[in-house]
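Data from data_25.pdb: PDB, C-alpha atoms
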ATOM      1  CA  LEU A   1       2.569  24.456  -7.364
ATOM      2  CA  ILE A   2       3.640  25.715  -3.973
ATOM      3  CA  MET A   3       3.020  28.949  -2.130
ATOM      4  CA  LYS A   4       5.764  30.080   0.199
ATOM      5  CA  ASP A   5       6.468  33.519   1.636
ATOM      6  CA  SER A   6       3.371  34.708  -0.291
ATOM      7  CA  SER A   7       4.822  33.890  -3.683
ATOM      8  CA  LEU A   8       3.676  31.152  -6.026
ATOM      9  CA  ARG A   9       6.105  28.893  -7.817
ATOM     10  CA  LEU A  10       5.856  25.846  -9.998
ATOM     11  CA  VAL A  11       8.320  23.146  -8.923
ATOM     12  CA  CYS A  12       8.647  19.412  -9.499
ATOM     13  CA  PRO A  13       6.897  17.195  -6.937
ATOM     14  CA  GLU A  14      10.187  15.998  -5.375
ATOM     15  CA  GLN A  15      11.316  19.587  -4.843
ATOM     16  CA  ALA A  16       7.916  20.572  -3.453
ATOM     17  CA  LEU A  17       8.095  17.768  -0.877
ATOM     18  CA  LYS A  18      11.525  18.914   0.219
ATOM     19  CA  GLU A  19      10.469  22.527   0.574
ATOM     20  CA  LEU A  20       7.418  21.544   2.579
ATOM     21  CA  GLY A  21       9.671  19.599   4.931
ATOM     22  CA  LEU A  22       8.001  16.289   4.070
ATOM     23  CA  ASN A  23       9.777  13.029   3.449
ATOM     24  CA  GLU A  24       8.982  10.981   0.403
ATOM     25  CA  HIS A  25       7.819   7.463   1.143
ATOM     26  CA  GLN A  26       8.967   4.954  -1.469
ATOM     27  CA  LEU A  27       6.525   2.132  -2.028
ATOM     28  CA  ARG A  28       7.977  -0.699  -4.100
ATOM     29  CA  PHE A  29       6.756  -4.058  -5.255
ATOM     30  CA  THR A  30       8.711  -7.107  -6.281
ATOM     31  CA  CYS A  31       6.807  -9.993  -7.805
ATOM     32  CA  ARG A  32       7.813 -13.364  -9.115
ATOM     33  CA  VAL A  33       6.236 -14.725 -12.254
ATOM     34  CA  GLN A  34       6.953 -18.272 -13.438
ATOM     35  CA  LEU A  35       7.330 -19.063 -17.103
ATOM     36  CA  GLN A  36       7.884 -22.363 -18.847
ATOM     37  CA  ASP A  37      10.545 -21.683 -21.436
ATOM     38  CA  PRO A  38      13.068 -24.251 -22.708
ATOM     39  CA  HIS A  39      15.785 -21.698 -23.509
ATOM     40  CA  SER A  40      18.781 -20.470 -21.562
ATOM     41  CA  ASP A  41      18.164 -17.642 -19.090
ATOM     42  CA  PRO A  42      19.737 -14.962 -21.367
ATOM     43  CA  ASP A  43      17.658 -16.222 -24.320
ATOM     44  CA  THR A  44      14.488 -16.090 -22.254
ATOM     45  CA  LEU A  45      15.337 -12.534 -21.264
ATOM     46  CA  ASN A  46      15.885 -11.737 -24.941
ATOM     47  CA  ARG A  47      12.498 -13.199 -25.796
ATOM     48  CA  ILE A  48      10.863 -11.157 -23.039
ATOM     49  CA  TYR A  49      12.610  -8.076 -24.377
ATOM     50  CA  SER A  50      11.334  -8.643 -27.952
ATOM     51  CA  HIS A  51       7.838  -9.432 -26.692
ATOM     52  CA  LEU A  52       7.639  -6.271 -24.576
ATOM     53  CA  LYS A  53       9.159  -4.201 -27.358
ATOM     54  CA  SER A  54       6.388  -5.300 -29.737
ATOM     55  CA  VAL A  55       3.533  -4.917 -27.224
ATOM     56  CA  LEU A  56       4.621  -1.679 -25.573
ATOM     57  CA  LYS A  57       4.795   0.761 -28.433
ATOM     58  CA  GLY A  58       5.593   4.234 -27.183
ATOM     59  CA  TYR A  59       7.381   3.039 -24.044
ATOM     60  CA  THR A  60      11.109   2.943 -23.423
ATOM     61  CA  VAL A  61      12.138  -0.728 -23.316
ATOM     62  CA  GLN A  62      15.843  -1.311 -22.748
ATOM     63  CA  HIS A  63      17.990  -4.409 -22.584
ATOM     64  CA  LEU A  64      20.865  -3.516 -20.274
ATOM     65  CA  PRO A  65      24.316  -5.119 -20.267
ATOM     66  CA  ASP A  66      23.892  -6.214 -16.637
ATOM     67  CA  GLY A  67      21.333  -8.816 -17.711
ATOM     68  CA  THR A  68      18.169  -6.910 -16.939
ATOM     69  CA  VAL A  69      15.369  -5.472 -19.030
ATOM     70  CA  MET A  70      13.967  -2.097 -18.055
ATOM     71  CA  VAL A  71      10.615  -0.662 -19.076
ATOM     72  CA  GLU A  72      10.512   2.930 -17.880
ATOM     73  CA  SER A  73      11.568   2.393 -14.239
ATOM     74  CA  ILE A  74      10.465  -1.240 -14.046
ATOM     75  CA  VAL A  75      13.241  -3.813 -13.743
ATOM     76  CA  LEU A  76      12.945  -7.404 -14.984
ATOM     77  CA  LYS A  77      15.371 -10.274 -14.324
ATOM     78  CA  VAL A  78      15.298 -13.940 -15.238
ATOM     79  CA  SER A  79      16.643 -16.845 -13.239
ATOM     80  CA  SER A  80      16.156 -20.588 -13.026
ATOM     81  CA  SER A  81      17.324 -23.417 -10.853
ATOM     82  CA  ALA A  82      19.651 -26.196 -11.973
ATOM     83  CA  GLU A  83      16.984 -28.795 -11.129
ATOM     84  CA  GLU A  84      14.321 -27.190 -13.294
ATOM     85  CA  PRO A  85      16.093 -25.245 -16.034
ATOM     86  CA  ASN A  86      12.891 -24.840 -18.058
ATOM     87  CA  THR A  87      10.998 -23.151 -15.241
ATOM     88  CA  LYS A  88      12.066 -19.550 -15.379
ATOM     89  CA  VAL A  89      11.434 -17.172 -12.558
ATOM     90  CA  VAL A  90      10.966 -13.612 -13.730
ATOM     91  CA  LEU A  91      11.492 -11.020 -11.025
ATOM     92  CA  LEU A  92       9.651  -7.778 -11.678
ATOM     93  CA  SER A  93      10.251  -4.755  -9.537
ATOM     94  CA  TRP A  94       8.480  -1.416  -9.762
ATOM     95  CA  SER A  95       7.594   1.593  -7.695
ATOM     96  CA  TYR A  96       4.086   2.793  -6.907
ATOM     97  CA  GLN A  97       4.531   5.648  -9.380
ATOM     98  CA  ASP A  98       4.598   3.011 -12.155
ATOM     99  CA  GLU A  99       1.831   0.912 -10.643
ATOM    100  CA  ASP A 100      -0.386   0.660 -13.746
ATOM    101  CA  LEU A 101       2.440  -0.428 -15.990
ATOM    102  CA  GLY A 102       3.907  -2.784 -13.373
ATOM    103  CA  SER A 103       0.670  -4.648 -12.821
ATOM    104  CA  PHE A 104       0.052  -4.763 -16.584
ATOM    105  CA  LEU A 105       3.481  -6.320 -17.162
ATOM    106  CA  SER A 106       3.053  -8.926 -14.444
ATOM    107  CA  SER A 107      -0.294 -10.033 -15.880
ATOM    108  CA  LEU A 108       1.114  -9.991 -19.415
ATOM    109  CA  LEU A 109       4.036 -12.249 -18.472
ATOM    110  CA  ARG A 110       1.724 -14.594 -16.580
ATOM    111  CA  LYS A 111       0.130 -15.410 -19.927
ATOM    112  CA  GLY A 112       3.485 -16.634 -21.208
ATOM    113  CA  LEU A 113       5.628 -15.689 -24.174
ATOM    114  CA  PRO A 114       4.565 -16.015 -27.816
ATOM    115  CA  PRO A 115       6.033 -19.084 -29.551
TER     116      PRO A 115
ATOM    117  CA  ILE B   1      -2.354  -9.674 -27.864
ATOM    118  CA  GLU B   2      -3.745  -7.552 -25.101
ATOM    119  CA  GLU B   3      -3.604  -3.803 -25.531
ATOM    120  CA  PRO B   4      -1.088  -2.106 -23.254
ATOM    121  CA  PRO B   5      -2.227   0.784 -21.125
ATOM    122  CA  GLU B   6      -1.939   4.143 -22.812
ATOM    123  CA  LEU B   7       1.069   6.132 -21.694
ATOM    124  CA  MET B   8      -0.135   7.055 -18.254
ATOM    125  CA  SER B   9       0.659   9.906 -16.023
ATOM    126  CA  PRO B  10       2.576   8.561 -13.063
ATOM    127  CA  LYS B  11       0.907   8.020  -9.708
ATOM    128  CA  PRO B  12       1.323  10.690  -7.054
ATOM    129  CA  LEU B  13       4.333  10.759  -4.776
ATOM    130  CA  LEU B  14       3.739   9.378  -1.306
ATOM    131  CA  SER B  15       4.670  10.861   2.010
ATOM    132  CA  GLY B  16       4.488   9.865   5.643
ATOM    133  CA  ALA B  17       5.334   6.688   7.487
ATOM    134  CA  LEU B  18       3.738   3.335   8.078
ATOM    135  CA  PRO B  19       3.271   2.700  11.820
ATOM    136  CA  LEU B  20       3.904  -0.944  12.720
ATOM    137  CA  GLU B  21       1.175  -1.678  15.290
ATOM    138  CA  PRO B  22      -1.751  -0.060  13.467
ATOM    139  CA  PHE B  23      -0.630  -1.711  10.243
ATOM    140  CA  LEU B  24      -0.522  -5.115  11.942
ATOM    141  CA  SER B  25      -4.048  -4.669  13.291
ATOM    142  CA  LEU B  26      -5.265  -3.669   9.850
ATOM    143  CA  LEU B  27      -3.688  -6.843   8.425
ATOM    144  CA  HIS B  28      -5.465  -8.881  11.122
ATOM    145  CA  LYS B  29      -8.755  -7.217  10.250
ATOM    146  CA  HIS B  30      -8.254  -8.371   6.690
ATOM    147  CA  GLY B  31      -7.704 -11.960   7.710
ATOM    148  CA  ILE B  32      -3.899 -11.942   7.629
ATOM    149  CA  MET B  33      -3.246 -13.397  11.051
ATOM    150  CA  GLU B  34       0.124 -15.090  11.010
ATOM    151  CA  VAL B  35       2.656 -12.307  10.797
ATOM    152  CA  LYS B  36       6.173 -12.813  12.066
ATOM    153  CA  VAL B  37       7.880  -9.508  12.791
ATOM    154  CA  GLU B  38      11.625  -9.289  12.625
ATOM    155  CA  ASP B  39      13.449  -6.135  13.685
ATOM    156  CA  THR B  40      16.148  -4.769  11.404
ATOM    157  CA  PRO B  41      18.553  -1.853  11.959
ATOM    158  CA  ASP B  42      16.291   0.404   9.895
ATOM    159  CA  GLY B  43      12.839  -0.955  10.604
ATOM    160  CA  HIS B  44      11.048  -4.254  10.443
ATOM    161  CA  ILE B  45      10.465  -7.165   8.137
ATOM    162  CA  LEU B  46       7.000  -8.656   8.255
ATOM    163  CA  HIS B  47       6.722 -12.231   7.126
ATOM    164  CA  LEU B  48       3.163 -13.139   6.209
ATOM    165  CA  GLN B  49       3.571 -16.843   6.824
ATOM    166  CA  ALA B  50       0.419 -18.265   5.239
ATOM    167  CA  GLU B  51       0.749 -15.998   2.225
ATOM    168  CA  ASP B  52       4.518 -16.458   1.836
ATOM    169  CA  THR B  53       4.978 -12.744   1.417
ATOM    170  CA  LEU B  54       7.456 -10.282   2.875
ATOM    171  CA  ILE B  55       6.910  -6.648   3.668
ATOM    172  CA  GLN B  56       9.970  -4.624   4.460
ATOM    173  CA  LEU B  57       9.086  -1.536   6.472
ATOM    174  CA  GLU B  58      11.453   1.358   6.918
ATOM    175  CA  GLU B  59      10.782   4.910   7.882
ATOM    176  CA  ASP B  60      10.857   6.209   4.325
ATOM    177  CA  SER B  61      10.128   3.088   2.361
ATOM    178  CA  THR B  62       7.943   0.025   2.119
ATOM    179  CA  HIS B  63       8.806  -2.914  -0.085
ATOM    180  CA  ILE B  64       6.239  -5.629  -0.769
ATOM    181  CA  VAL B  65       7.761  -8.859  -2.045
ATOM    182  CA  CYS B  66       5.213 -11.421  -3.104
ATOM    183  CA  ASP B  67       4.851 -14.455  -5.291
ATOM    184  CA  ASN B  68       2.396 -15.009  -8.066
ATOM    185  CA  ASN B  69      -0.546 -13.489  -6.184
ATOM    186  CA  GLU B  70      -1.834 -10.331  -7.775
ATOM    187  CA  ALA B  71      -5.000 -10.135  -5.645
ATOM    188  CA  LEU B  72      -2.963 -10.237  -2.443
ATOM    189  CA  ARG B  73      -0.498  -7.678  -3.763
ATOM    190  CA  ALA B  74      -3.329  -5.285  -4.614
ATOM    191  CA  THR B  75      -4.878  -5.745  -1.160
ATOM    192  CA  LEU B  76      -1.565  -5.087   0.586
ATOM    193  CA  ARG B  77      -0.950  -2.057  -1.624
ATOM    194  CA  ASP B  78      -4.309  -0.557  -0.689
ATOM    195  CA  LEU B  79      -3.777  -1.227   3.025
ATOM    196  CA  VAL B  80      -0.356   0.464   2.917
ATOM    197  CA  LEU B  81      -1.769   3.442   1.029
ATOM    198  CA  ARG B  82      -4.295   4.075   3.801
ATOM    199  CA  PHE B  83      -1.444   5.285   6.021
ATOM    200  CA  LEU B  84       0.311   7.492   3.493
ATOM    201  CA  GLN B  85      -0.486  10.882   2.057
ATOM    202  CA  LYS B  86      -0.632  11.286  -1.687
ATOM    203  CA  LEU B  87       0.864  14.408  -3.157
TER     204      LEU B  87
END

How does the structure come out when it is put into structure tokens?
Amino acid sequence: LIMKDSSLRLVCPEQALKELGLNEHQLRFTCRVQLQDPHSDPDTLNRIYSHLKSVLKGYTVQHLPDGTVMVESIVLKVSSSAEEPNTKVVLLSWSYQDEDLGSFLSSLLRKGLPP
Amino acid sequence: IEEPPELMSPKPLLSGALPLEPFLSLLHKHGIMEVKVEDTPDGHILHLQAEDTLIQLEEDSTHIVCDNNEALRATLRDLVLRFLQKL
């Protein structure tokens, strides 16, 4: 809700910032979580997708063609090194606006995937 | 299986900027002493050597890149938030 020129209007937060002449500050986090999983990287990502889909009822969980999984605005990617193909590194990236969900997901993945 | 958080309302938008020197002193106060600062065209990259963590500072954005250390991430988040306004 902003008041300008003695009139009140309801606008979205992004618009309100703009009209007040303020800049938005984006705070983002990227975390690495290690998983032991003897599958290929795409299979591990698939397993993460199914796991999140079953745990996060009511959230939008998407498996995108570019090899990422998105939960709301949170992006997940899987990689591994040739030396240790069973040690998967999951990169999780989220913005402060999704802080609760982002920290929940990183602690969930730290516990590993269901068999 | 742990219960997920209920669908939450998003956190507030942030505004303002993170000033380098005061932020570095705040890090020092919290025991983060070894910080290598690298200048970039748009700001700075702080490398927290002992913690193996990067913080990318730009005028309108801050990006915290850390390993498997949730406690550290939460501390850094709270220190950054001290400089920003919530809207």

- Query: Out of A:Leu101, A:Val71, A:Leu64, A:Val11, which residue has the shortest atom-to-atom distance to chain B when counting all atoms listed in the file?
  - Reply: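 Of all the options, A:Leu101 lies closest to chain B.
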
- Message: Select, as a PyMOL selection string, those residues of chain A with any atom no more than 7 Å from chain B (distances computed using all atoms listed in the file).
- Response: chain A and resi 22-33+55-56+96-98

- Item | Output of the PyMOL selection byres ((chain A and resi 87) around 7), listed as a list in words |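 What the PyMOL selection byres ((chain A and resi 87) around 7) grabs from the file is Gln34, Leu35, Gln36, Asp37, Ser80, Glu84, Pro85, Asn86, Lys88 and Val89 of chain A.
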
The PyMOL selection byres ((chain A and resi 63) around 12) resolved against shown file, as a PDB file with C-alpha atoms, in the frame of the given file:
ATOM      1  CA  PRO A  42      19.737 -14.962 -21.367  1.00  0.00           C
ATOM      2  CA  ASP A  43      17.658 -16.222 -24.320  1.00  0.00           C
ATOM      3  CA  LEU A  45      15.337 -12.534 -21.264  1.00  0.00           C
ATOM      4  CA  ASN A  46      15.885 -11.737 -24.941  1.00  0.00           C
ATOM      5  CA  ARG A  47      12.498 -13.199 -25.796  1.00  0.00           C
ATOM      6  CA  ILE A  48      10.863 -11.157 -23.039  1.00  0.00           C
ATOM      7  CA  TYR A  49      12.610  -8.076 -24.377  1.00  0.00           C
ATOM      8  CA  SER A  50      11.334  -8.643 -27.952  1.00  0.00           C
ATOM      9  CA  LEU A  52       7.639  -6.271 -24.576  1.00  0.00           C
ATOM     10  CA  LYS A  53       9.159  -4.201 -27.358  1.00  0.00           C
ATOM     11  CA  THR A  60      11.109   2.943 -23.423  1.00  0.00           C
ATOM     12  CA  VAL A  61      12.138  -0.728 -23.316  1.00  0.00           C
ATOM     13  CA  GLN A  62      15.843  -1.311 -22.748  1.00  0.00           C
ATOM     14  CA  LEU A  64      20.865  -3.516 -20.274  1.00  0.00           C
ATOM     15  CA  PRO A  65      24.316  -5.119 -20.267  1.00  0.00           C
ATOM     16  CA  ASP A  66      23.892  -6.214 -16.637  1.00  0.00           C
ATOM     17  CA  GLY A  67      21.333  -8.816 -17.711  1.00  0.00           C
ATOM     18  CA  THR A  68      18.169  -6.910 -16.939  1.00  0.00           C
ATOM     19  CA  VAL A  69      15.369  -5.472 -19.030  1.00  0.00           C
ATOM     20  CA  MET A  70      13.967  -2.097 -18.055  1.00  0.00           C
ATOM     21  CA  VAL A  71      10.615  -0.662 -19.076  1.00  0.00           C
ATOM     22  CA  GLU A  72      10.512   2.930 -17.880  1.00  0.00           C
ATOM     23  CA  ILE A  74      10.465  -1.240 -14.046  1.00  0.00           C
ATOM     24  CA  VAL A  75      13.241  -3.813 -13.743  1.00  0.00           C
ATOM     25  CA  LEU A  76      12.945  -7.404 -14.984  1.00  0.00           C
ATOM     26  CA  LYS A  77      15.371 -10.274 -14.324  1.00  0.00           C
TER      27      LYS A  77
END

Expected axis-aligned box over every listed atom of range 62-81 of chain A, 6 Å added per side, centre plus edges in Å to one decimal, as lines of an AutoDock Vina configuration file:
center_x = 17.4
center_y = -10.2
center_z = -16.8
size_x = 25.9
size_y = 38.3
size_z = 23.9

- Exercise: range 23-40 of chain B partners within 9 Å, all atoms listed in the file, chain neighbours under 3 positions left out, as a ChimeraX atom specification: /B:18-20,43-51,58,75-76,79-80,83

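Put simply, CA of Ser79 in chain A is 11.6 Å away from CA of Leu92 in chain A.
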
- Query: Which residue, A:Ser6, A:Ser81, A:Ser103, A:Ser73, has the smallest gap to Ser40 in chain A when you use only C-alpha atoms?
  - Reply: A:Ser81

- Note on the structure: CA of Ala16 in chain A to CA of Asp100 in chain A measures 23.9 Å

- Task: Quote the spacing between CA of Glu19 in chain A and CA of Ser7 in chain A in Å to one decimal place.
- Result: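 Distance between the two atoms: 13.4 Å.
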